[in-house]
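To be precise, the following lines are upload18.cif, and they hold mmCIF, C-alpha atoms and all ligand atoms.
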```
data_upload
loop_
_atom_site.label_atom_id
_atom_site.label_comp_id
_atom_site.auth_asym_id
_atom_site.auth_seq_id
_atom_site.Cartn_x
_atom_site.Cartn_y
_atom_site.Cartn_z
CA MET L 930 4.12 -55.53 -9.46
CA ALA L 931 2.07 -56.17 -6.35
CA ASN L 932 0.40 -52.78 -6.24
CA VAL L 933 -1.90 -50.80 -8.50
CA THR L 934 -2.45 -47.04 -8.47
CA VAL L 935 -5.64 -45.77 -10.05
CA ILE L 936 -5.80 -42.14 -11.11
CA GLY L 937 -8.15 -40.06 -13.23
CA GLY L 938 -6.59 -39.10 -16.57
CA GLN L 939 -8.83 -36.09 -17.28
CA TRP L 940 -10.81 -33.67 -15.07
CA GLY L 941 -12.25 -36.33 -12.75
CA ASP L 942 -15.49 -38.28 -13.17
CA GLU L 943 -13.89 -40.75 -15.57
CA GLY L 944 -15.70 -43.69 -13.99
CA LYS L 945 -13.05 -44.66 -11.43
CA GLY L 946 -15.65 -46.13 -9.05
CA LYS L 947 -16.42 -49.23 -11.10
CA ILE L 948 -12.78 -49.98 -11.90
CA VAL L 949 -11.62 -49.39 -8.34
CA ASP L 950 -14.39 -51.64 -7.07
CA TRP L 951 -13.37 -54.41 -9.45
CA LEU L 952 -9.72 -54.09 -8.43
CA SER L 953 -10.48 -53.67 -4.72
CA SER L 954 -12.16 -57.07 -4.63
CA ARG L 955 -8.68 -58.48 -5.37
CA ALA L 956 -6.62 -56.13 -3.19
CA ASP L 957 -5.59 -56.67 0.44
CA VAL L 958 -5.55 -52.95 1.26
CA VAL L 959 -7.16 -49.95 -0.46
CA ALA L 960 -5.65 -46.54 0.30
CA ARG L 961 -6.73 -42.97 -0.48
CA PHE L 962 -3.76 -40.59 -0.73
CA GLN L 963 -5.04 -37.11 -1.62
CA GLY L 964 -8.13 -34.93 -1.74
CA GLY L 965 -10.97 -35.25 0.71
CA HIS L 966 -14.75 -35.53 0.57
CA ASN L 967 -14.77 -33.56 -2.68
CA ALA L 968 -14.47 -36.90 -4.48
CA GLY L 969 -17.52 -38.82 -5.63
CA HIS L 970 -17.12 -42.51 -6.31
CA THR L 971 -20.19 -44.53 -7.20
CA LEU L 972 -20.08 -48.29 -6.68
CA VAL L 973 -22.76 -50.64 -7.89
CA VAL L 974 -22.58 -53.94 -6.02
CA GLY L 975 -25.44 -56.32 -6.73
CA ASP L 976 -28.60 -54.24 -6.51
CA GLN L 977 -27.06 -51.71 -4.10
CA VAL L 978 -25.60 -48.36 -5.11
CA TYR L 979 -23.00 -46.89 -2.76
CA LYS L 980 -21.85 -43.29 -3.06
CA LEU L 981 -18.53 -42.62 -1.40
CA SER L 982 -16.83 -39.26 -0.99
CA LEU L 983 -14.14 -39.76 1.61
CA LEU L 984 -13.90 -43.45 2.42
CA PRO L 985 -11.77 -45.71 0.22
CA SER L 986 -13.89 -47.91 -2.04
CA GLY L 987 -12.61 -51.15 -0.46
CA ILE L 988 -14.72 -50.40 2.62
CA VAL L 989 -17.88 -51.67 0.93
CA ARG L 990 -16.42 -55.16 0.56
CA GLY L 991 -14.73 -55.19 3.96
CA THR L 992 -11.20 -54.83 2.54
CA LEU L 993 -8.80 -52.98 4.87
CA SER L 994 -9.20 -49.34 3.90
CA VAL L 995 -6.69 -46.64 4.69
CA ILE L 996 -6.97 -42.86 4.57
CA GLY L 997 -3.42 -41.60 4.07
CA ASN L 998 -1.72 -38.47 5.38
CA GLY L 999 -2.18 -36.74 2.02
CA VAL L 1000 -5.95 -36.57 2.53
CA VAL L 1001 -7.69 -33.65 4.29
CA LEU L 1002 -10.29 -35.02 6.67
CA ASP L 1003 -13.61 -33.46 7.67
CA PRO L 1004 -14.50 -35.36 10.88
CA TRP L 1005 -18.21 -34.62 10.55
CA ALA L 1006 -18.32 -35.70 6.94
CA LEU L 1007 -16.51 -38.89 7.99
CA GLN L 1008 -19.10 -39.59 10.66
CA ALA L 1009 -21.98 -38.91 8.28
CA GLU L 1010 -20.52 -41.22 5.63
CA VAL L 1011 -19.84 -44.00 8.14
CA GLU L 1012 -23.44 -43.72 9.36
CA LYS L 1013 -24.86 -43.63 5.84
CA LEU L 1014 -22.98 -46.78 4.88
CA GLY L 1015 -23.94 -48.39 8.20
CA ALA L 1016 -27.59 -47.85 7.22
CA GLN L 1017 -26.83 -49.70 3.96
CA GLY L 1018 -25.44 -52.63 5.94
CA VAL L 1019 -21.71 -51.84 5.69
CA SER L 1020 -20.16 -52.05 9.11
CA ILE L 1021 -17.05 -49.89 9.53
CA THR L 1022 -14.74 -50.68 12.41
CA PRO L 1023 -11.07 -50.03 13.29
CA GLU L 1024 -10.44 -53.48 11.76
CA THR L 1025 -11.58 -52.24 8.35
CA LEU L 1026 -10.72 -48.52 8.47
CA GLN L 1027 -7.48 -46.81 9.47
CA ILE L 1028 -6.89 -43.07 9.24
CA ALA L 1029 -3.43 -41.48 9.30
CA ASP L 1030 -2.89 -39.77 12.62
CA THR L 1031 -1.15 -37.00 10.65
CA CYS L 1032 -4.16 -36.09 8.47
CA PRO L 1033 -4.99 -32.38 8.63
CA LEU L 1034 -8.59 -31.64 9.59
CA ILE L 1035 -11.13 -29.68 7.57
CA LEU L 1036 -12.90 -27.47 10.11
CA PRO L 1037 -16.21 -25.58 9.74
CA PHE L 1038 -14.45 -22.27 8.99
CA HIS L 1039 -12.61 -23.89 6.06
CA ARG L 1040 -15.97 -24.66 4.52
CA ASP L 1041 -17.14 -21.09 5.21
CA LEU L 1042 -14.04 -19.60 3.63
CA ASP L 1043 -14.33 -21.79 0.51
CA ALA L 1044 -17.91 -20.58 -0.02
CA LEU L 1045 -17.17 -16.92 0.86
CA ARG L 1046 -14.35 -16.82 -1.67
CA GLU L 1047 -16.36 -18.49 -4.39
CA ASP L 1048 -19.30 -16.14 -3.84
CA ALA L 1049 -17.00 -13.12 -3.96
CA SER L 1050 -15.17 -14.22 -7.12
CA GLY L 1051 -17.92 -13.61 -9.66
CA ALA L 1052 -16.90 -14.77 -13.11
CA GLY L 1053 -13.42 -15.72 -11.85
CA LYS L 1054 -14.70 -18.38 -9.49
CA ILE L 1055 -13.14 -21.83 -9.61
CA GLY L 1056 -16.38 -23.69 -9.11
CA THR L 1057 -15.12 -25.66 -6.12
CA THR L 1058 -17.18 -28.26 -4.30
CA ARG L 1059 -17.34 -25.75 -1.37
CA ARG L 1060 -16.20 -28.42 1.04
CA GLY L 1061 -13.24 -26.51 2.44
CA ILE L 1062 -10.63 -28.56 0.61
CA GLY L 1063 -8.46 -25.65 -0.58
CA PRO L 1064 -8.46 -23.69 2.70
CA ALA L 1065 -7.58 -26.86 4.66
CA TYR L 1066 -4.59 -27.60 2.40
CA GLU L 1067 -3.50 -23.96 2.75
CA ASP L 1068 -3.39 -24.37 6.52
CA LYS L 1069 -1.47 -27.64 6.16
CA VAL L 1070 1.35 -26.07 4.15
CA GLY L 1071 1.08 -22.90 6.27
CA ARG L 1072 1.90 -25.16 9.25
CA ARG L 1073 -1.19 -24.06 11.15
CA ALA L 1074 -3.39 -27.16 10.70
CA ILE L 1075 -5.06 -29.14 13.44
CA ARG L 1076 -4.38 -32.80 12.71
CA VAL L 1077 -6.05 -36.07 13.69
CA CYS L 1078 -3.41 -36.72 16.39
CA ASP L 1079 -4.24 -33.34 17.99
CA LEU L 1080 -7.69 -34.67 18.85
CA ALA L 1081 -6.05 -36.77 21.58
CA HIS L 1082 -4.55 -33.60 23.09
CA LEU L 1083 -7.43 -31.14 23.10
CA ASP L 1084 -6.45 -29.72 26.51
CA GLU L 1085 -3.14 -28.57 25.06
CA LEU L 1086 -4.57 -27.20 21.83
CA GLY L 1087 -4.79 -23.55 23.01
CA PRO L 1088 -1.65 -22.04 21.41
CA GLN L 1089 -2.22 -23.94 18.13
CA LEU L 1090 -5.83 -22.80 17.97
CA ASP L 1091 -4.74 -19.21 18.73
CA ARG L 1092 -2.42 -19.21 15.75
CA LEU L 1093 -4.93 -20.84 13.44
CA CYS L 1094 -7.83 -18.65 14.51
CA ALA L 1095 -5.77 -15.43 14.33
CA HIS L 1096 -5.14 -16.26 10.67
CA HIS L 1097 -8.78 -17.05 9.94
CA ASP L 1098 -10.19 -14.15 11.96
CA ALA L 1099 -8.23 -11.75 9.73
CA LEU L 1100 -9.54 -13.45 6.59
CA ARG L 1101 -13.08 -13.53 7.93
CA ALA L 1102 -12.94 -9.85 8.86
CA GLY L 1103 -12.17 -9.12 5.19
CA PHE L 1104 -15.50 -10.73 4.29
CA GLY L 1105 -17.34 -8.95 7.14
CA GLU L 1106 -17.69 -12.23 9.05
CA PRO L 1107 -17.39 -12.55 12.86
CA PRO L 1108 -14.27 -14.19 14.35
CA VAL L 1109 -14.20 -17.96 14.82
CA ASP L 1110 -16.09 -18.96 17.97
CA ARG L 1111 -13.27 -20.84 19.64
CA ALA L 1112 -15.33 -22.17 22.55
CA ALA L 1113 -17.91 -23.61 20.15
CA LEU L 1114 -15.19 -25.09 17.92
CA THR L 1115 -13.42 -26.71 20.89
CA ALA L 1116 -16.74 -28.15 22.09
CA GLU L 1117 -17.46 -29.56 18.63
CA LEU L 1118 -13.99 -31.11 18.46
CA ARG L 1119 -14.46 -32.68 21.91
CA GLN L 1120 -17.70 -34.22 20.73
CA ILE L 1121 -16.24 -35.81 17.61
CA ALA L 1122 -12.70 -36.63 18.87
CA ASP L 1123 -13.31 -40.19 20.10
CA PHE L 1124 -15.17 -41.13 16.96
CA VAL L 1125 -12.20 -40.16 14.79
CA LEU L 1126 -9.51 -41.41 17.16
CA GLN L 1127 -10.84 -44.97 17.15
CA PHE L 1128 -9.58 -45.19 13.55
CA ALA L 1129 -6.33 -43.19 13.97
CA ARG L 1130 -3.10 -45.10 13.30
CA PRO L 1131 0.40 -44.49 11.94
CA VAL L 1132 -0.82 -45.86 8.62
CA TRP L 1133 2.64 -45.63 7.06
CA LEU L 1134 3.53 -48.53 9.40
CA THR L 1135 0.47 -50.54 8.39
CA LEU L 1136 1.27 -50.02 4.71
CA ASN L 1137 4.99 -50.73 5.01
CA ASP L 1138 4.15 -53.89 6.91
CA ALA L 1139 1.66 -54.89 4.19
CA LYS L 1140 4.31 -54.22 1.57
CA ALA L 1141 6.89 -56.32 3.44
CA ARG L 1142 4.42 -59.20 3.54
CA GLY L 1143 3.80 -58.95 -0.20
CA ARG L 1144 0.22 -57.76 0.22
CA ARG L 1145 -1.53 -56.14 -2.73
CA ILE L 1146 -2.15 -52.46 -2.17
CA LEU L 1147 -4.58 -50.52 -4.33
CA PHE L 1148 -4.07 -46.76 -4.26
CA GLU L 1149 -7.28 -44.94 -5.08
CA GLY L 1150 -6.74 -41.51 -6.58
CA ALA L 1151 -9.46 -38.87 -6.56
CA GLN L 1152 -10.24 -36.12 -9.09
CA GLY L 1153 -8.00 -36.22 -12.19
CA VAL L 1154 -4.56 -35.22 -13.41
CA LEU L 1155 -5.90 -32.10 -15.16
CA LEU L 1156 -7.04 -30.89 -11.72
CA ASP L 1157 -3.56 -31.40 -10.21
CA VAL L 1158 -2.34 -28.25 -8.46
CA ASP L 1159 0.99 -28.39 -10.35
CA HIS L 1160 0.17 -30.13 -13.61
CA GLY L 1161 -3.46 -29.15 -14.12
CA THR L 1162 -5.25 -26.16 -15.60
CA TYR L 1163 -4.09 -23.80 -12.84
CA PRO L 1164 -5.75 -21.92 -11.16
CA PHE L 1165 -8.85 -23.96 -12.10
CA VAL L 1166 -7.64 -27.00 -10.20
CA THR L 1167 -8.06 -28.70 -6.86
CA SER L 1168 -5.53 -28.06 -4.09
CA SER L 1169 -3.75 -31.40 -4.06
CA ASN L 1170 -1.43 -33.33 -6.34
CA THR L 1171 -3.63 -35.84 -8.10
CA ILE L 1172 -0.84 -37.54 -10.07
CA ALA L 1173 0.17 -41.12 -9.32
CA GLY L 1174 3.42 -39.99 -7.66
CA THR L 1175 1.36 -38.76 -4.70
CA ALA L 1176 0.39 -42.34 -3.83
CA ALA L 1177 3.80 -42.69 -2.17
CA GLY L 1178 4.07 -39.35 -0.37
CA GLY L 1179 0.40 -39.28 0.56
CA THR L 1180 0.61 -42.57 2.46
CA GLY L 1181 4.20 -42.91 3.65
CA LEU L 1182 5.55 -45.49 1.23
CA GLY L 1183 8.59 -45.08 -0.98
CA PRO L 1184 8.35 -44.01 -4.63
CA SER L 1185 8.41 -47.56 -5.99
CA ALA L 1186 5.13 -48.36 -4.23
CA ALA L 1187 2.83 -47.14 -6.99
CA GLY L 1188 3.26 -50.32 -9.08
CA PHE L 1189 1.03 -50.51 -12.16
CA VAL L 1190 -0.37 -47.03 -12.79
CA LEU L 1191 -3.83 -47.33 -14.29
CA GLY L 1192 -5.15 -44.10 -15.76
CA ILE L 1193 -8.93 -43.99 -16.06
CA VAL L 1194 -9.89 -42.16 -19.22
CA LYS L 1195 -13.33 -41.47 -20.63
CA ALA L 1196 -13.82 -42.03 -24.39
CA TYR L 1197 -14.81 -38.33 -24.60
CA THR L 1198 -14.16 -35.44 -22.19
CA THR L 1199 -16.13 -33.84 -19.35
CA ARG L 1200 -15.43 -31.16 -16.79
CA VAL L 1201 -17.33 -29.73 -13.79
CA GLY L 1202 -16.54 -26.28 -12.55
CA SER L 1203 -14.83 -23.44 -14.40
CA GLY L 1204 -11.66 -23.41 -16.46
CA PRO L 1205 -10.37 -24.02 -19.97
CA PHE L 1206 -11.76 -26.91 -21.99
CA PRO L 1207 -10.54 -26.75 -25.61
CA THR L 1208 -12.81 -29.48 -27.02
CA GLU L 1209 -15.99 -28.39 -25.22
CA LEU L 1210 -19.15 -28.73 -27.34
CA ASP L 1211 -21.99 -26.26 -26.86
CA ASP L 1212 -24.11 -27.96 -29.50
CA ALA L 1213 -26.47 -30.90 -29.90
CA ILE L 1214 -23.58 -33.40 -29.78
CA GLY L 1215 -22.42 -32.00 -26.42
CA GLN L 1216 -25.99 -32.26 -25.18
CA ARG L 1217 -26.22 -35.84 -26.45
CA LEU L 1218 -22.98 -36.88 -24.71
CA GLY L 1219 -24.27 -35.37 -21.44
CA GLU L 1220 -27.61 -37.15 -21.70
CA ARG L 1221 -26.31 -40.54 -22.80
CA GLY L 1222 -23.43 -40.37 -20.31
CA HIS L 1223 -25.62 -39.16 -17.39
CA GLU L 1224 -23.13 -36.38 -16.85
CA PHE L 1225 -24.17 -34.88 -13.52
CA GLY L 1226 -21.73 -34.51 -10.60
CA THR L 1227 -21.93 -37.17 -7.85
CA VAL L 1228 -21.04 -34.67 -5.11
CA THR L 1229 -22.72 -31.43 -6.16
CA GLY L 1230 -25.25 -32.63 -8.77
CA ARG L 1231 -23.90 -30.01 -11.20
CA LYS L 1232 -24.27 -30.58 -14.94
CA ARG L 1233 -20.92 -31.55 -16.46
CA ARG L 1234 -19.56 -29.78 -19.52
CA CYS L 1235 -18.97 -32.26 -22.37
CA GLY L 1236 -16.71 -32.41 -25.42
CA TRP L 1237 -14.64 -34.56 -27.77
CA PHE L 1238 -11.70 -36.68 -26.64
CA ASP L 1239 -8.59 -34.53 -26.26
CA ALA L 1240 -5.60 -36.76 -27.03
CA VAL L 1241 -3.12 -33.95 -26.33
CA LEU L 1242 -4.33 -33.48 -22.77
CA VAL L 1243 -4.53 -37.20 -22.07
CA ARG L 1244 -1.04 -37.78 -23.51
CA GLN L 1245 0.21 -35.08 -21.13
CA SER L 1246 -1.67 -36.64 -18.19
CA CYS L 1247 -0.24 -40.07 -18.93
CA ALA L 1248 3.27 -38.64 -19.17
CA VAL L 1249 3.26 -36.62 -15.92
CA SER L 1250 1.65 -39.49 -14.04
CA GLY L 1251 3.74 -42.30 -15.51
CA VAL L 1252 0.65 -44.21 -16.61
CA THR L 1253 1.35 -47.88 -17.44
CA GLY L 1254 -2.00 -48.50 -19.13
CA ILE L 1255 -5.41 -46.89 -19.36
CA ALA L 1256 -8.92 -48.05 -18.65
CA LEU L 1257 -11.11 -46.54 -21.38
CA THR L 1258 -14.61 -45.95 -20.03
CA LYS L 1259 -18.03 -45.04 -21.40
CA LEU L 1260 -17.25 -46.08 -24.95
CA ASP L 1261 -20.96 -46.87 -25.42
CA VAL L 1262 -21.82 -43.17 -25.05
CA LEU L 1263 -20.29 -42.66 -28.52
CA ASP L 1264 -22.51 -45.33 -30.12
CA GLY L 1265 -24.63 -44.10 -33.01
CA LEU L 1266 -22.56 -41.09 -34.04
CA ASP L 1267 -21.80 -40.84 -37.77
CA GLU L 1268 -18.45 -39.21 -37.14
CA ILE L 1269 -16.26 -38.80 -34.10
CA ARG L 1270 -13.63 -36.13 -33.64
CA ILE L 1271 -10.38 -36.49 -31.73
CA CYS L 1272 -8.24 -33.50 -30.80
CA ILE L 1273 -4.71 -34.24 -32.03
CA GLY L 1274 -3.05 -30.84 -31.53
CA TYR L 1275 -3.70 -27.16 -30.92
CA ARG L 1276 -3.25 -23.85 -32.64
CA LEU L 1277 -2.32 -20.92 -30.48
CA ARG L 1278 -2.45 -17.56 -32.28
CA GLY L 1279 -1.63 -19.30 -35.55
CA GLN L 1280 1.20 -21.43 -34.11
CA LYS L 1281 0.97 -25.24 -33.92
CA MET L 1282 1.27 -26.74 -30.41
CA ASP L 1283 1.63 -30.37 -29.37
CA HIS L 1284 1.11 -29.79 -25.64
CA PHE L 1285 -1.10 -27.71 -23.38
CA PRO L 1286 0.48 -24.34 -22.57
CA ALA L 1287 1.09 -23.23 -18.97
CA HIS L 1288 -0.42 -19.76 -18.95
CA ALA L 1289 -4.15 -19.47 -18.19
CA ALA L 1290 -4.72 -16.99 -21.05
CA ASP L 1291 -2.98 -19.33 -23.52
CA GLN L 1292 -4.93 -22.29 -22.16
CA ALA L 1293 -8.15 -20.41 -22.80
CA ALA L 1294 -7.03 -19.35 -26.28
CA VAL L 1295 -5.85 -22.64 -27.80
CA GLU L 1296 -7.95 -23.95 -30.66
CA PRO L 1297 -8.22 -27.70 -31.09
CA VAL L 1298 -7.02 -29.34 -34.30
CA TYR L 1299 -9.26 -32.30 -35.01
CA GLU L 1300 -8.97 -35.57 -36.82
CA THR L 1301 -12.32 -37.01 -37.86
CA VAL L 1302 -12.89 -40.74 -37.74
CA ALA L 1303 -15.92 -42.79 -38.72
CA GLY L 1304 -18.37 -43.68 -35.97
CA TRP L 1305 -20.36 -46.91 -35.60
CA SER L 1306 -24.07 -47.58 -35.54
CA GLU L 1307 -23.98 -50.81 -33.52
CA SER L 1308 -24.22 -50.84 -29.73
CA THR L 1309 -21.04 -51.43 -27.74
CA ALA L 1310 -22.93 -51.42 -24.43
CA GLY L 1311 -22.14 -54.51 -22.42
CA ALA L 1312 -19.40 -55.83 -24.73
CA ARG L 1313 -17.05 -58.21 -22.91
CA SER L 1314 -14.62 -59.09 -25.69
CA TRP L 1315 -13.04 -57.45 -28.73
CA ALA L 1316 -15.14 -59.74 -30.90
CA GLN L 1317 -18.28 -58.01 -29.59
CA LEU L 1318 -17.06 -54.58 -30.67
CA PRO L 1319 -17.74 -53.08 -34.10
CA ALA L 1320 -14.62 -52.69 -36.24
CA GLN L 1321 -14.85 -48.88 -36.16
CA ALA L 1322 -14.94 -48.88 -32.35
CA ILE L 1323 -11.76 -50.98 -32.27
CA LYS L 1324 -10.18 -48.56 -34.74
CA TYR L 1325 -11.12 -45.65 -32.48
CA ILE L 1326 -9.51 -47.33 -29.47
CA ARG L 1327 -6.35 -48.15 -31.43
CA ARG L 1328 -6.09 -44.56 -32.63
CA VAL L 1329 -6.50 -43.28 -29.07
CA GLU L 1330 -3.71 -45.59 -27.87
CA GLU L 1331 -1.44 -44.37 -30.62
CA LEU L 1332 -2.10 -40.70 -29.96
CA ILE L 1333 -1.69 -40.89 -26.18
CA ARG L 1334 1.31 -43.23 -26.49
CA THR L 1335 -0.12 -45.50 -23.80
CA PRO L 1336 -1.78 -48.91 -24.21
CA VAL L 1337 -5.30 -49.78 -23.20
CA ALA L 1338 -5.44 -52.25 -20.30
CA LEU L 1339 -9.21 -52.32 -19.93
CA VAL L 1340 -12.28 -51.14 -21.79
CA SER L 1341 -15.42 -50.55 -19.78
CA THR L 1342 -18.70 -50.78 -21.70
CA SER L 1343 -21.36 -50.22 -19.00
CA PRO L 1344 -21.62 -49.49 -15.26
CA GLU L 1345 -21.95 -53.27 -14.67
CA ARG L 1346 -18.79 -54.79 -13.21
CA GLU L 1347 -18.60 -57.65 -15.68
CA ASP L 1348 -19.10 -55.45 -18.75
CA THR L 1349 -15.38 -55.01 -19.19
CA ILE L 1350 -12.87 -56.08 -21.80
CA LEU L 1351 -9.69 -57.03 -20.00
CA VAL L 1352 -6.58 -56.62 -22.13
CA ARG L 1353 -3.95 -56.61 -19.44
CA ASP L 1354 -4.57 -57.37 -15.76
CA PRO L 1355 -2.93 -54.60 -13.68
CA PHE L 1356 -2.56 -56.85 -10.62
CA SER L 1357 -0.83 -59.73 -12.38
CA ASP L 1358 1.41 -57.64 -14.56
P1 LIG T 1 -12.24 -28.32 -4.84
O1 LIG T 1 -11.51 -29.61 -4.96
O2 LIG T 1 -13.55 -28.45 -4.10
O3 LIG T 1 -11.39 -27.20 -4.30
O4 LIG T 1 -12.66 -27.86 -6.33
C1 LIG T 1 -11.69 -27.45 -7.27
C2 LIG T 1 -12.05 -27.94 -8.68
O5 LIG T 1 -11.94 -29.35 -8.70
C3 LIG T 1 -13.46 -27.61 -9.14
O6 LIG T 1 -13.45 -27.39 -10.54
C4 LIG T 1 -14.23 -28.89 -8.83
O7 LIG T 1 -15.38 -29.03 -9.66
C5 LIG T 1 -13.17 -29.92 -9.17
N1 LIG T 1 -13.35 -31.19 -8.46
C6 LIG T 1 -13.07 -31.46 -7.18
N2 LIG T 1 -13.35 -32.75 -6.90
C7 LIG T 1 -13.78 -33.31 -8.03
C8 LIG T 1 -14.18 -34.64 -8.40
O8 LIG T 1 -14.16 -35.59 -7.60
N3 LIG T 1 -14.55 -34.82 -9.70
C9 LIG T 1 -14.53 -33.82 -10.61
N4 LIG T 1 -14.16 -32.57 -10.33
C10 LIG T 1 -13.78 -32.31 -9.05
#
```
Please rewrite the model in this file as structure tokens.
Ligand code: IMP
Amino acid sequence: MANVTVIGGQWGDEGKGKIVDWLSSRADVVARFQGGHNAGHTLVVGDQVYKLSLLPSGIVRGTLSVIGNGVVLDPWALQAEVEKLGAQGVSITPETLQIADTCPLILPFHRDLDALREDASGAGKIGTTRRGIGPAYEDKVGRRAIRVCDLAHLDELGPQLDRLCAHHDALRAGFGEPPVDRAALTAELRQIADFVLQFARPVWLTLNDAKARGRRILFEGAQGVLLDVDHGTYPFVTSSNTIAGTAAGGTGLGPSAAGFVLGIVKAYTTRVGSGPFPTELDDAIGQRLGERGHEFGTVTGRKRRCGWFDAVLVRQSCAVSGVTGIALTKLDVLDGLDEIRICIGYRLRGQKMDHFPAHAADQAAVEPVYETVAGWSESTAGARSWAQLPAQAIKYIRRVEELIRTPVALVSTSPEREDTILVRDPFSD
């Protein structure tokens, strides 16, 4: 398999940044295929820390980086991120960055609408990143979106803008907001158009050409499978398909392109934003996981909710995403616990369940059934081989593999790139 697809196996924030960075140093092309600048990938290279939201992680090392058609693109966020990385010494040119000319744009009123809806939703709010992701995807499937290629035709944009603004003006009126200022929007688009267009390409051609030449493509997923709009904890999800299957449709390659599907899975569970979380811990152990794991959102700085590893949810994630192997991250956060619990099933109103139910009320009502395993007192931080792991930690990993019915390909034991136990190399599989 020449290609690798990396996806999050839980609710995002599984530590994809480090793994993607390690893999991207060996890839010829790195491609994003869904989401937008709601993602937060932290890369530590040498003594520099890079925080990426929209750009594929390969950009930091100068690997050809592609933003596929499945991504929603905020042109101003793109410019800000390119400038921020430029200030850190990363030069981004059309030789290193290509953006699908079919990407739908996130416009300022998408951001407004995201925030207006969240503010109006009270307890029912989703807890979005307020970046306009959902509203932009709505306009894409509503066939009203302005896309990257439209930036080269701004003089002919009138009828398209009329349709789009008529839709948004009605929504805005419902919130007591003034209509979209079309003259101001057009002026803003004119100002940013050339910046975006320098990177615009039919990236499906670039990628198919790379495939034909046997190049290694790394698909970089954002968020996690439990936030997938179809397979996640709906409606507390993001607005894209985060499963590995989207790597193909979100870039313009056929379904066989995904290659080795690497699911990144944290040794416990976290979630930002609202929604069901059966194994959530509101006690001292939850607090401890958050502190030891530095569980604060990269994008919004919000405190992440923490809980035990949920093998039922991860088994489901691995199944719907066709995961070949997982990368187990942040094992060291569990160091020093006397006992560790793993969720192995649920009870819903007295009935046993071996999968997560579809209905939101059932999802909120399931009670986890736990298995308790012994913890370990030794440190696993920085381990680079099985021999450096305590026996109980190895037992924990083996039990996780068994329960999720998916093998471990990598174990990550610190944010450092080299602090990794490699079991199976995704690129040479
Ligand atoms: P949206 O993607 O901004 O619409 O937010 C929808 C849900 O997805 C919220 O619960 C967010 O907290 C969550 N979310 C979006 N992006 C990420 C991410 O990169 N990591 C973790 N959660 C995310």
Please identify all polymer residues within 10 Å of stretch 1012-1027 of chain L, counting only C-alpha atoms, omitting same-chain residues fewer than 5 positions from it, and present them as an MDAnalysis selection string.
chainID L and resid 958:960 977:981 984:985 987:997 1006:1007 1125:1132 1135
Within 9 Å of L:Ala1248 using all atoms listed in the file, minus same-chain residues under 3 positions, as a VMD selection string
chain L and resid 1243 to 1245 1251 to 1252 1333 to 1335
Write out as number ranges by chain each polymer residue whose atoms come within 9 Å of L:Phe1356, counting all atoms listed in the file; drop sequence neighbours fewer than 2 positions from it.
L: 930-933, 952, 955-956, 1145, 1188-1189, 1353-1354, 1358
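Omitting stretch 1192-1200 of chain L and its sequence neighbours fewer than 4 positions away, and counting all atoms listed in the file, the residues within 7 Å are Val935, Ile936, Gly937, Gly938, Gln939, Trp940, Glu943, Lys945, Arg1233, Arg1234, Cys1235, Gly1236, Trp1237, Phe1238, Asp1239, Val1252, Gly1254, Ile1255, Ala1256, Leu1257, Thr1258, Lys1259 and Leu1260 of chain L.
Of the residues listed (L:Gly1179, L:Gly1202, L:Pro1033, L:Gly1053), L:Gly1202 shows the shortest atom-to-atom separation from ligand LIG 1 (chain T); distances use all atoms listed in the file.
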Considering all atoms listed in the file, tabulate each residue of chain L that lies at most 6 Å from ligand LIG 1 (chain T) along with its nearest interatomic pair and the corresponding distance in Å to one decimal; arrange the rows by chain and ascending residue number and present them as a Markdown table.
```
| residue | atom | partner | partner_atom | distance |
| --- | --- | --- | --- | --- |
| L:Trp940 | CA | T:LIG1 | C9 | 5.8 |
| L:Gly941 | CA | T:LIG1 | C9 | 4.0 |
| L:Asp942 | CA | T:LIG1 | N3 | 5.0 |
| L:Asn967 | CA | T:LIG1 | N2 | 4.5 |
| L:Ala968 | CA | T:LIG1 | O8 | 3.4 |
| L:Gly969 | CA | T:LIG1 | O8 | 5.1 |
| L:Ile1055 | CA | T:LIG1 | O6 | 5.6 |
| L:Gly1056 | CA | T:LIG1 | C3 | 4.9 |
| L:Thr1057 | CA | T:LIG1 | O4 | 3.3 |
| L:Thr1058 | CA | T:LIG1 | O2 | 3.6 |
| L:Arg1059 | CA | T:LIG1 | O2 | 5.4 |
| L:Arg1060 | CA | T:LIG1 | O2 | 5.8 |
| L:Ile1062 | CA | T:LIG1 | O3 | 5.2 |
| L:Gly1063 | CA | T:LIG1 | O3 | 5.0 |
| L:Ala1151 | CA | T:LIG1 | O8 | 5.8 |
| L:Gln1152 | CA | T:LIG1 | O8 | 4.2 |
| L:Leu1156 | CA | T:LIG1 | O5 | 6.0 |
| L:Phe1165 | CA | T:LIG1 | O6 | 5.9 |
| L:Val1166 | CA | T:LIG1 | C2 | 4.8 |
| L:Thr1167 | CA | T:LIG1 | C1 | 3.9 |
| L:Ser1168 | CA | T:LIG1 | O3 | 5.9 |
| L:Val1201 | CA | T:LIG1 | O7 | 4.6 |
| L:Gly1202 | CA | T:LIG1 | O6 | 3.8 |
| L:Ser1203 | CA | T:LIG1 | O6 | 5.7 |
```
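The gap separating atom CA of L:Arg1092 from atom CA of L:Leu1002 is 19.9 Å, in Å to one decimal.
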Quick one: everything within 10 Å of L:Ile1326, counting only C-alpha atoms, minus sequence neighbours fewer than 3 positions away in the same chain. Send it as a VMD selection string.
chain L and resid 1196 1257 1260 1321 to 1323 1329 to 1332 1336 to 1337 1340
